[in-house]
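Structure file query-v2.pdb (PDB, C-alpha atoms) is printed below.
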ATOM      1  CA  MET A  30     -42.665 -13.408-139.012
ATOM      2  CA  SER A  31     -39.199 -11.879-138.727
ATOM      3  CA  ILE A  32     -36.384 -12.951-136.514
ATOM      4  CA  LEU A  33     -36.583  -9.726-134.509
ATOM      5  CA  ASP A  34     -40.163 -10.433-133.655
ATOM      6  CA  SER A  35     -39.274 -13.900-132.343
ATOM      7  CA  LEU A  36     -36.635 -12.657-129.831
ATOM      8  CA  PRO A  37     -37.764 -12.386-126.249
ATOM      9  CA  ASP A  38     -38.440  -8.953-124.882
ATOM     10  CA  GLU A  39     -35.658  -7.516-122.676
ATOM     11  CA  PRO A  40     -36.732  -6.173-119.337
ATOM     12  CA  GLU A  41     -36.859  -2.434-119.143
ATOM     13  CA  GLU A  42     -34.410  -0.687-116.865
ATOM     14  CA  ASN A  43     -35.912   0.674-113.689
ATOM     15  CA  LEU A  44     -34.804   4.259-113.499
ATOM     16  CA  SER A  45     -36.627   5.010-110.281
ATOM     17  CA  PRO A  46     -34.465   6.236-107.386
ATOM     18  CA  ASP A  47     -35.756   3.444-105.127
ATOM     19  CA  SER A  48     -34.105   0.766-107.178
ATOM     20  CA  SER A  49     -30.665  -0.386-106.044
ATOM     21  CA  THR A  50     -27.986  -1.867-108.195
ATOM     22  CA  PRO A  51     -25.794  -4.716-106.921
ATOM     23  CA  HIS A  52     -22.980  -2.210-106.387
ATOM     24  CA  ASN A  53     -25.161   0.022-104.235
ATOM     25  CA  HIS A  54     -26.417  -3.004-102.348
ATOM     26  CA  TRP A  55     -22.822  -3.988-101.571
ATOM     27  CA  LEU A  56     -22.083  -0.468-100.312
ATOM     28  CA  ASP A  57     -25.110  -0.632 -98.038
ATOM     29  CA  LYS A  58     -23.786  -3.844 -96.519
ATOM     30  CA  GLU A  59     -20.377  -2.274 -95.955
ATOM     31  CA  GLN A  60     -21.974   0.668 -94.193
ATOM     32  CA  GLN A  61     -23.904  -1.689 -91.941
ATOM     33  CA  LEU A  62     -20.722  -3.578 -91.040
ATOM     34  CA  MET A  63     -18.766  -0.429 -90.205
ATOM     35  CA  PRO A  64     -18.499   0.256 -86.431
ATOM     36  CA  PRO A  65     -20.374   3.301 -85.158
ATOM     37  CA  GLN A  66     -18.318   6.424 -84.806
ATOM     38  CA  LEU A  67     -17.393   7.487 -81.312
ATOM     39  CA  LYS A  68     -18.861  10.652 -79.963
ATOM     40  CA  ALA A  69     -16.655  13.687 -80.061
ATOM     41  CA  ASP A  70     -16.682  14.098 -76.273
ATOM     42  CA  ALA A  71     -15.682  10.504 -75.458
ATOM     43  CA  PRO A  72     -11.895  11.129 -75.582
ATOM     44  CA  LEU A  73     -12.323  14.325 -73.566
ATOM     45  CA  ARG A  74     -14.350  12.479 -70.943
ATOM     46  CA  MET A  75     -11.694   9.781 -70.642
ATOM     47  CA  VAL A  76      -8.821  12.260 -70.422
ATOM     48  CA  GLU A  77     -10.493  14.488 -67.834
ATOM     49  CA  THR A  78     -11.578  11.523 -65.720
ATOM     50  CA  ALA A  79      -8.052  10.110 -65.686
ATOM     51  CA  PHE A  80      -6.486  13.524 -65.043
ATOM     52  CA  LEU A  81      -8.767  14.424 -62.127
ATOM     53  CA  ALA A  82      -8.411  10.945 -60.628
ATOM     54  CA  SER A  83      -4.630  11.364 -60.773
ATOM     55  CA  ALA A  84      -4.968  14.834 -59.218
ATOM     56  CA  ALA A  85      -6.986  13.442 -56.296
ATOM     57  CA  SER A  86      -4.403  10.695 -55.748
ATOM     58  CA  LEU A  87      -1.525  13.176 -55.964
ATOM     59  CA  ILE A  88      -3.114  15.499 -53.388
ATOM     60  CA  TRP A  89      -3.514  12.586 -50.959
ATOM     61  CA  PHE A  90       0.025  11.357 -51.689
ATOM     62  CA  ILE A  91       1.654  14.759 -51.095
ATOM     63  CA  ASN A  92      -0.375  15.427 -47.945
ATOM     64  CA  PHE A  93       0.553  12.014 -46.526
ATOM     65  CA  TYR A  94       4.318  12.435 -46.885
ATOM     66  CA  PHE A  95       4.559  16.234 -46.800
ATOM     67  CA  PRO A  96       1.612  17.442 -44.708
ATOM     68  CA  LEU A  97       0.798  21.103 -45.228
ATOM     69  CA  GLY A  98      -1.873  21.371 -42.571
ATOM     70  CA  PRO A  99      -5.555  21.450 -43.511
ATOM     71  CA  VAL A 100      -4.970  23.157 -46.872
ATOM     72  CA  LEU A 101      -4.641  20.075 -49.070
ATOM     73  CA  ARG A 102      -7.106  18.085 -46.981
ATOM     74  CA  ILE A 103      -9.887  20.392 -48.130
ATOM     75  CA  PHE A 104      -9.402  19.245 -51.731
ATOM     76  CA  PHE A 105      -9.452  15.465 -51.132
ATOM     77  CA  PRO A 106     -13.002  14.910 -52.519
ATOM     78  CA  VAL A 107     -13.095  17.941 -54.837
ATOM     79  CA  PRO A 108     -11.614  16.432 -58.072
ATOM     80  CA  ILE A 109     -13.982  13.450 -58.011
ATOM     81  CA  ALA A 110     -16.950  15.744 -57.373
ATOM     82  CA  LEU A 111     -15.871  17.827 -60.369
ATOM     83  CA  VAL A 112     -15.855  14.688 -62.530
ATOM     84  CA  TYR A 113     -19.458  14.038 -61.460
ATOM     85  CA  LEU A 114     -20.509  17.587 -62.352
ATOM     86  CA  ARG A 115     -18.889  17.433 -65.781
ATOM     87  CA  TRP A 116     -19.433  13.845 -66.909
ATOM     88  CA  GLY A 117     -21.957  12.183 -64.633
ATOM     89  CA  ARG A 118     -22.183   9.344 -62.145
ATOM     90  CA  ARG A 119     -20.397   6.601 -64.086
ATOM     91  CA  ALA A 120     -17.325   8.753 -64.719
ATOM     92  CA  ALA A 121     -17.218   9.749 -61.026
ATOM     93  CA  TRP A 122     -17.248   6.122 -59.880
ATOM     94  CA  MET A 123     -14.542   5.304 -62.420
ATOM     95  CA  SER A 124     -12.503   8.244 -61.120
ATOM     96  CA  ALA A 125     -12.813   7.057 -57.503
ATOM     97  CA  LEU A 126     -11.844   3.514 -58.529
ATOM     98  CA  THR A 127      -8.886   4.763 -60.570
ATOM     99  CA  SER A 128      -7.656   6.874 -57.659
ATOM    100  CA  GLY A 129      -7.833   3.872 -55.361
ATOM    101  CA  LEU A 130      -5.927   1.652 -57.799
ATOM    102  CA  LEU A 131      -3.266   4.294 -58.350
ATOM    103  CA  LEU A 132      -2.749   4.755 -54.613
ATOM    104  CA  THR A 133      -2.608   0.991 -54.218
ATOM    105  CA  VAL A 134       0.376   0.926 -56.573
ATOM    106  CA  LEU A 135       2.062   3.939 -54.947
ATOM    107  CA  MET A 136       1.313   3.395 -51.261
ATOM    108  CA  GLY A 137      -0.199  -0.042 -50.784
ATOM    109  CA  PRO A 138      -3.788  -1.277 -50.417
ATOM    110  CA  ALA A 139      -4.252  -0.218 -46.780
ATOM    111  CA  ARG A 140      -3.468   3.443 -47.369
ATOM    112  CA  SER A 141      -5.478   3.488 -50.575
ATOM    113  CA  LEU A 142      -8.504   2.255 -48.609
ATOM    114  CA  LEU A 143      -8.066   5.172 -46.231
ATOM    115  CA  PHE A 144      -8.549   7.498 -49.191
ATOM    116  CA  VAL A 145     -11.407   5.677 -50.884
ATOM    117  CA  MET A 146     -13.293   5.506 -47.584
ATOM    118  CA  PRO A 147     -14.423   8.185 -47.050
ATOM    119  CA  TYR A 148     -12.971  10.712 -49.517
ATOM    120  CA  GLY A 149     -13.527   8.765 -52.734
ATOM    121  CA  PHE A 150     -17.129   8.016 -51.809
ATOM    122  CA  MET A 151     -17.532  11.543 -50.486
ATOM    123  CA  GLY A 152     -16.581  13.002 -53.869
ATOM    124  CA  VAL A 153     -19.266  10.930 -55.573
ATOM    125  CA  LEU A 154     -21.822  11.866 -52.897
ATOM    126  CA  LEU A 155     -21.094  15.578 -53.103
ATOM    127  CA  GLY A 156     -21.177  15.491 -56.898
ATOM    128  CA  ALA A 157     -24.580  13.806 -56.801
ATOM    129  CA  THR A 158     -26.012  16.421 -54.452
ATOM    130  CA  TRP A 159     -24.384  19.345 -56.265
ATOM    131  CA  CYS A 160     -25.775  18.228 -59.619
ATOM    132  CA  ARG A 161     -29.237  19.028 -58.327
ATOM    133  CA  ARG A 162     -29.139  22.766 -58.101
ATOM    134  CA  ARG A 163     -32.037  22.998 -55.631
ATOM    135  CA  VAL A 164     -30.447  20.833 -52.929
ATOM    136  CA  PRO A 165     -29.567  23.146 -50.008
ATOM    137  CA  TRP A 166     -26.175  23.086 -48.382
ATOM    138  CA  ILE A 167     -27.502  21.683 -45.125
ATOM    139  CA  VAL A 168     -28.539  18.463 -46.888
ATOM    140  CA  SER A 169     -25.228  17.853 -48.649
ATOM    141  CA  ILE A 170     -23.217  18.857 -45.569
ATOM    142  CA  THR A 171     -25.260  16.537 -43.338
ATOM    143  CA  LEU A 172     -24.882  13.576 -45.701
ATOM    144  CA  GLY A 173     -21.167  14.256 -46.054
ATOM    145  CA  THR A 174     -20.826  14.524 -42.269
ATOM    146  CA  LEU A 175     -22.439  11.120 -41.764
ATOM    147  CA  LEU A 176     -20.157   9.580 -44.378
ATOM    148  CA  GLY A 177     -17.105  11.289 -42.899
ATOM    149  CA  THR A 178     -18.017  10.022 -39.410
ATOM    150  CA  LEU A 179     -18.301   6.484 -40.743
ATOM    151  CA  GLY A 180     -14.941   7.010 -42.416
ATOM    152  CA  VAL A 181     -13.324   7.926 -39.085
ATOM    153  CA  PHE A 182     -14.614   4.753 -37.451
ATOM    154  CA  PHE A 183     -13.521   2.736 -40.479
ATOM    155  CA  ARG A 184     -10.034   4.241 -40.206
ATOM    156  CA  LEU A 185      -9.845   3.477 -36.483
ATOM    157  CA  TRP A 186     -10.955  -0.100 -37.115
ATOM    158  CA  LEU A 187      -8.536  -0.693 -39.985
ATOM    159  CA  LEU A 188      -5.543   0.836 -38.206
ATOM    160  CA  SER A 189      -6.417  -1.091 -35.040
ATOM    161  CA  VAL A 190      -6.425  -4.347 -36.994
ATOM    162  CA  LEU A 191      -3.119  -3.545 -38.692
ATOM    163  CA  SER A 192      -1.372  -2.338 -35.530
ATOM    164  CA  GLY A 193      -2.855  -4.876 -33.146
ATOM    165  CA  GLU A 194      -3.934  -2.150 -30.703
ATOM    166  CA  ASP A 195      -7.302  -0.623 -29.935
ATOM    167  CA  LEU A 196      -6.941   2.985 -31.115
ATOM    168  CA  TRP A 197     -10.392   3.873 -29.808
ATOM    169  CA  ILE A 198      -8.894   3.779 -26.308
ATOM    170  CA  TYR A 199      -6.442   6.474 -27.390
ATOM    171  CA  VAL A 200      -9.334   8.640 -28.614
ATOM    172  CA  ILE A 201     -11.223   8.088 -25.363
ATOM    173  CA  THR A 202      -8.126   9.091 -23.374
ATOM    174  CA  GLN A 203      -7.811  12.358 -25.289
ATOM    175  CA  VAL A 204     -11.513  13.147 -24.882
ATOM    176  CA  THR A 205     -11.363  12.317 -21.173
ATOM    177  CA  GLU A 206      -8.553  14.788 -20.633
ATOM    178  CA  PHE A 207     -10.468  17.467 -22.518
ATOM    179  CA  ILE A 208     -13.704  16.911 -20.563
ATOM    180  CA  GLU A 209     -11.828  16.893 -17.246
ATOM    181  CA  TRP A 210     -10.225  20.200 -18.225
ATOM    182  CA  VAL A 211     -13.685  21.631 -18.975
ATOM    183  CA  PHE A 212     -15.034  20.372 -15.642
ATOM    184  CA  PHE A 213     -12.059  21.861 -13.814
ATOM    185  CA  ASN A 214     -12.550  25.302 -15.385
ATOM    186  CA  LEU A 215     -16.268  25.183 -14.614
ATOM    187  CA  SER A 216     -15.463  24.294 -10.979
ATOM    188  CA  LEU A 217     -17.402  21.048 -11.205
ATOM    189  CA  LEU A 218     -16.297  18.601  -8.534
ATOM    190  CA  THR A 219     -17.722  15.541 -10.252
ATOM    191  CA  SER A 220     -15.795  13.313 -12.647
ATOM    192  CA  PRO A 221     -17.223  12.584 -16.094
ATOM    193  CA  SER A 222     -18.931   9.239 -16.546
ATOM    194  CA  VAL A 223     -17.945   6.685 -19.159
ATOM    195  CA  PHE A 224     -21.172   7.293 -21.074
ATOM    196  CA  LEU A 225     -20.521  11.033 -21.180
ATOM    197  CA  ILE A 226     -17.011  10.440 -22.454
ATOM    198  CA  GLN A 227     -18.263   8.132 -25.206
ATOM    199  CA  VAL A 228     -20.934  10.621 -26.275
ATOM    200  CA  GLY A 229     -18.414  13.454 -26.148
ATOM    201  CA  ALA A 230     -15.990  11.550 -28.401
ATOM    202  CA  ILE A 231     -18.680  10.871 -31.001
ATOM    203  CA  ALA A 232     -19.906  14.474 -30.809
ATOM    204  CA  LEU A 233     -16.398  15.836 -31.405
ATOM    205  CA  ILE A 234     -15.957  13.559 -34.427
ATOM    206  CA  VAL A 235     -19.293  14.669 -35.880
ATOM    207  CA  LEU A 236     -18.534  18.344 -35.242
ATOM    208  CA  ASN A 237     -15.108  18.051 -36.826
ATOM    209  CA  ASN A 238     -16.575  16.473 -39.960
ATOM    210  CA  PHE A 239     -19.369  19.067 -40.119
ATOM    211  CA  ILE A 240     -16.866  21.932 -40.067
ATOM    212  CA  TYR A 241     -14.724  20.125 -42.632
ATOM    213  CA  LEU A 242     -17.648  19.665 -45.030
ATOM    214  CA  PHE A 243     -18.630  23.305 -44.652
ATOM    215  CA  VAL A 244     -15.123  24.422 -45.631
ATOM    216  CA  VAL A 245     -15.140  21.990 -48.573
ATOM    217  CA  HIS A 246     -18.399  23.534 -49.763
ATOM    218  CA  LEU A 247     -16.903  27.011 -49.547
ATOM    219  CA  ALA A 248     -13.838  25.980 -51.551
ATOM    220  CA  ALA A 249     -15.943  24.246 -54.199
ATOM    221  CA  TRP A 250     -18.313  27.214 -54.370
ATOM    222  CA  PHE A 251     -15.492  29.604 -55.258
ATOM    223  CA  LEU A 252     -13.594  27.182 -57.510
ATOM    224  CA  PHE A 253     -16.371  25.534 -59.525
ATOM    225  CA  ASP A 254     -18.149  28.797 -60.209
ATOM    226  CA  ARG A 255     -15.073  29.997 -62.079
ATOM    227  CA  LEU A 256     -14.699  26.687 -63.914
ATOM    228  CA  GLY A 257     -18.232  26.887 -65.309
ATOM    229  CA  ASN A 258     -19.657  24.088 -63.131
ATOM    230  CA  PRO A 259     -21.358  25.952 -60.268
ATOM    231  CA  ILE A 260     -22.762  24.183 -57.231
ATOM    232  CA  PRO A 261     -25.978  25.187 -55.435
ATOM    233  CA  PRO A 262     -25.652  28.626 -53.848
ATOM    234  CA  PRO A 263     -25.009  28.857 -50.102
ATOM    235  CA  PRO A 264     -27.447  30.350 -47.618
ATOM    236  CA  ARG A 265     -27.910  34.081 -47.768
ATOM    237  CA  TRP A 266     -25.983  34.734 -44.561
ATOM    238  CA  VAL A 267     -22.934  32.994 -46.043
ATOM    239  CA  GLN A 268     -23.099  35.191 -49.143
ATOM    240  CA  VAL A 269     -23.363  38.298 -46.989
ATOM    241  CA  LEU A 270     -20.530  37.122 -44.758
ATOM    242  CA  MET A 271     -18.283  36.398 -47.750
ATOM    243  CA  ASP A 272     -19.358  39.659 -49.457
ATOM    244  CA  TYR A 273     -20.499  37.732 -52.529
ATOM    245  CA  GLU A 274     -23.539  38.439 -54.650
ATOM    246  CA  GLY A 275     -24.991  35.062 -55.622
ATOM    247  CA  GLN A 276     -26.204  34.659 -59.170
TER
END

Target encoding structure tokens, full file:
Amino acid sequence: MSILDSLPDEPEENLSPDSSTPHNHWLDKEQQLMPPQLKADAPLRMVETAFLASAASLIWFINFYFPLGPVLRIFFPVPIALVYLRWGRRAAWMSALTSGLLLTVLMGPARSLLFVMPYGFMGVLLGATWCRRRVPWIVSITLGTLLGTLGVFFRLWLLSVLSGEDLWIYVITQVTEFIEWVFFNLSLLTSPSVFLIQVGAIALIVLNNFIYLFVVHLAAWFLFDRLGNPIPPPPRWVQVLMDYEGQ
């Protein structure tokens, strides 16, 4: 018996591709410990959300100190709605919150609340309805009108608390003068009742918000269609009136 025969047999190397060496095993562990790579659109989402939130705040800020009539007011909820169309619900809420925080720094918490309620919430609401292409305009306008009406009462309540005066009385006085003027031109010898004045004030607020939401829809229809984020098409009579062939 030779010495070579008495040595123990060495294990054969496993050349199969399934086998892993200690070096490969260490690389696998390093790959598991590495953080997942961010998606390519994450920085773009963050930048656009911050930019459009700043744009909404800047529009409110300029209109507050340098009012240009109803032109800038039309675009109060538009940037936040655009965030919803491009990046979804979470980004829209973050945009509304960022706008409120930025206005809090620039103008104080009271005036920032006047933007967030209703225009910040309105941007999220309109974006949610516009994302569903089959939602007709009457639905989104009606929901926006209800939210805008609540926003008017919220503004009256907040400003009344801050000023120490009941501003609703001022609104009632203006509506009373308008209704008395209507009664005078119609040759009605009766005076309007308190209930009629209250109903007339609420009706004027609702009508004002309905017209405002309709104009906002028109502006967004023209603007977003050119940006590649179209909203649901308007009724046929609107397209005919605007001389626009809907897609």

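Atom CA of A:Leu155 lies 12.8 Å from atom CA of A:Phe253.
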
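Applied to the file shown here, the PyMOL selection byres ((chain A and resi 87) around 12) selects Phe80, Leu81, Ala82, Ser83, Ala84, Ala85, Ser86, Ile88, Trp89, Phe90, Ile91, Asn92, Phe93, Tyr94, Phe95, Leu101, Arg102, Phe104, Phe105, Pro108, Ser128, Gly129, Leu131, Leu132, Leu135, Met136, Ser141 and Phe144 of chain A.
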
(request) Would you kindly translate the PyMOL selection byres ((chain A and resi 204-215) around 12) into the concrete residues it picks from this file, as number ranges by chain? (result) A: 197-203, 216-234

(message) I'd like the interatomic distance between atom CA of A:Ala157 and atom CA of A:Leu97, to a tenth of an Å.
(response) 28.8 Å

Using only the atoms of stretch 223-239 of chain A listed in the file, plus 3 Å on each side, state the axis-aligned box centre and edge lengths in Å rounded to one decimal, as lines of an AutoDock Vina configuration file.
center_x = -18.1
center_y = 12.9
center_z = -29.6
size_x = 12.1
size_y = 18.4
size_z = 27.0

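Going from atom CA of A:Gly137 to atom CA of A:Ala121 covers 22.1 Å.
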
Test item: residues at most 8 Å from A:Val235, all atoms listed in the file, excluding those fewer than 6 positions along its chain, as a JSON list (two decimals) with C-alpha atoms, in the frame of the given file:
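Result file is out36.json:
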[["chain", "number", "residue", "atom", "x", "y", "z"],
["A", 174, "THR", "CA", -20.83, 14.52, -42.27],
["A", 175, "LEU", "CA", -22.44, 11.12, -41.76],
["A", 178, "THR", "CA", -18.02, 10.02, -39.41]]

Could you expand the PyMOL selection byres ((chain A and resi 180) around 10) into the explicit residues it covers here, written as a compact mmCIF listing (two decimals) with C-alpha atoms, in the frame of the given file?
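Below is the file that was written, selection33.txt:
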# COMPACT_ATOMS: atom_id res chain seq x y z
CA LEU A 143 -8.07 5.17 -46.23
CA PHE A 144 -8.55 7.50 -49.19
CA VAL A 145 -11.41 5.68 -50.88
CA MET A 146 -13.29 5.51 -47.58
CA PRO A 147 -14.42 8.18 -47.05
CA TYR A 148 -12.97 10.71 -49.52
CA PHE A 150 -17.13 8.02 -51.81
CA MET A 151 -17.53 11.54 -50.49
CA THR A 174 -20.83 14.52 -42.27
CA LEU A 175 -22.44 11.12 -41.76
CA LEU A 176 -20.16 9.58 -44.38
CA GLY A 177 -17.10 11.29 -42.90
CA THR A 178 -18.02 10.02 -39.41
CA LEU A 179 -18.30 6.48 -40.74
CA VAL A 181 -13.32 7.93 -39.08
CA PHE A 182 -14.61 4.75 -37.45
CA PHE A 183 -13.52 2.74 -40.48
CA ARG A 184 -10.03 4.24 -40.21
CA LEU A 185 -9.85 3.48 -36.48
CA TRP A 186 -10.96 -0.10 -37.12
CA ASN A 238 -16.58 16.47 -39.96

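For the residues A:Leu142, A:Ala120, A:Leu111, A:Leu130, ranking by smallest atom-to-atom distance to A:Cys160 using all atoms listed in the file places A:Leu111 first.
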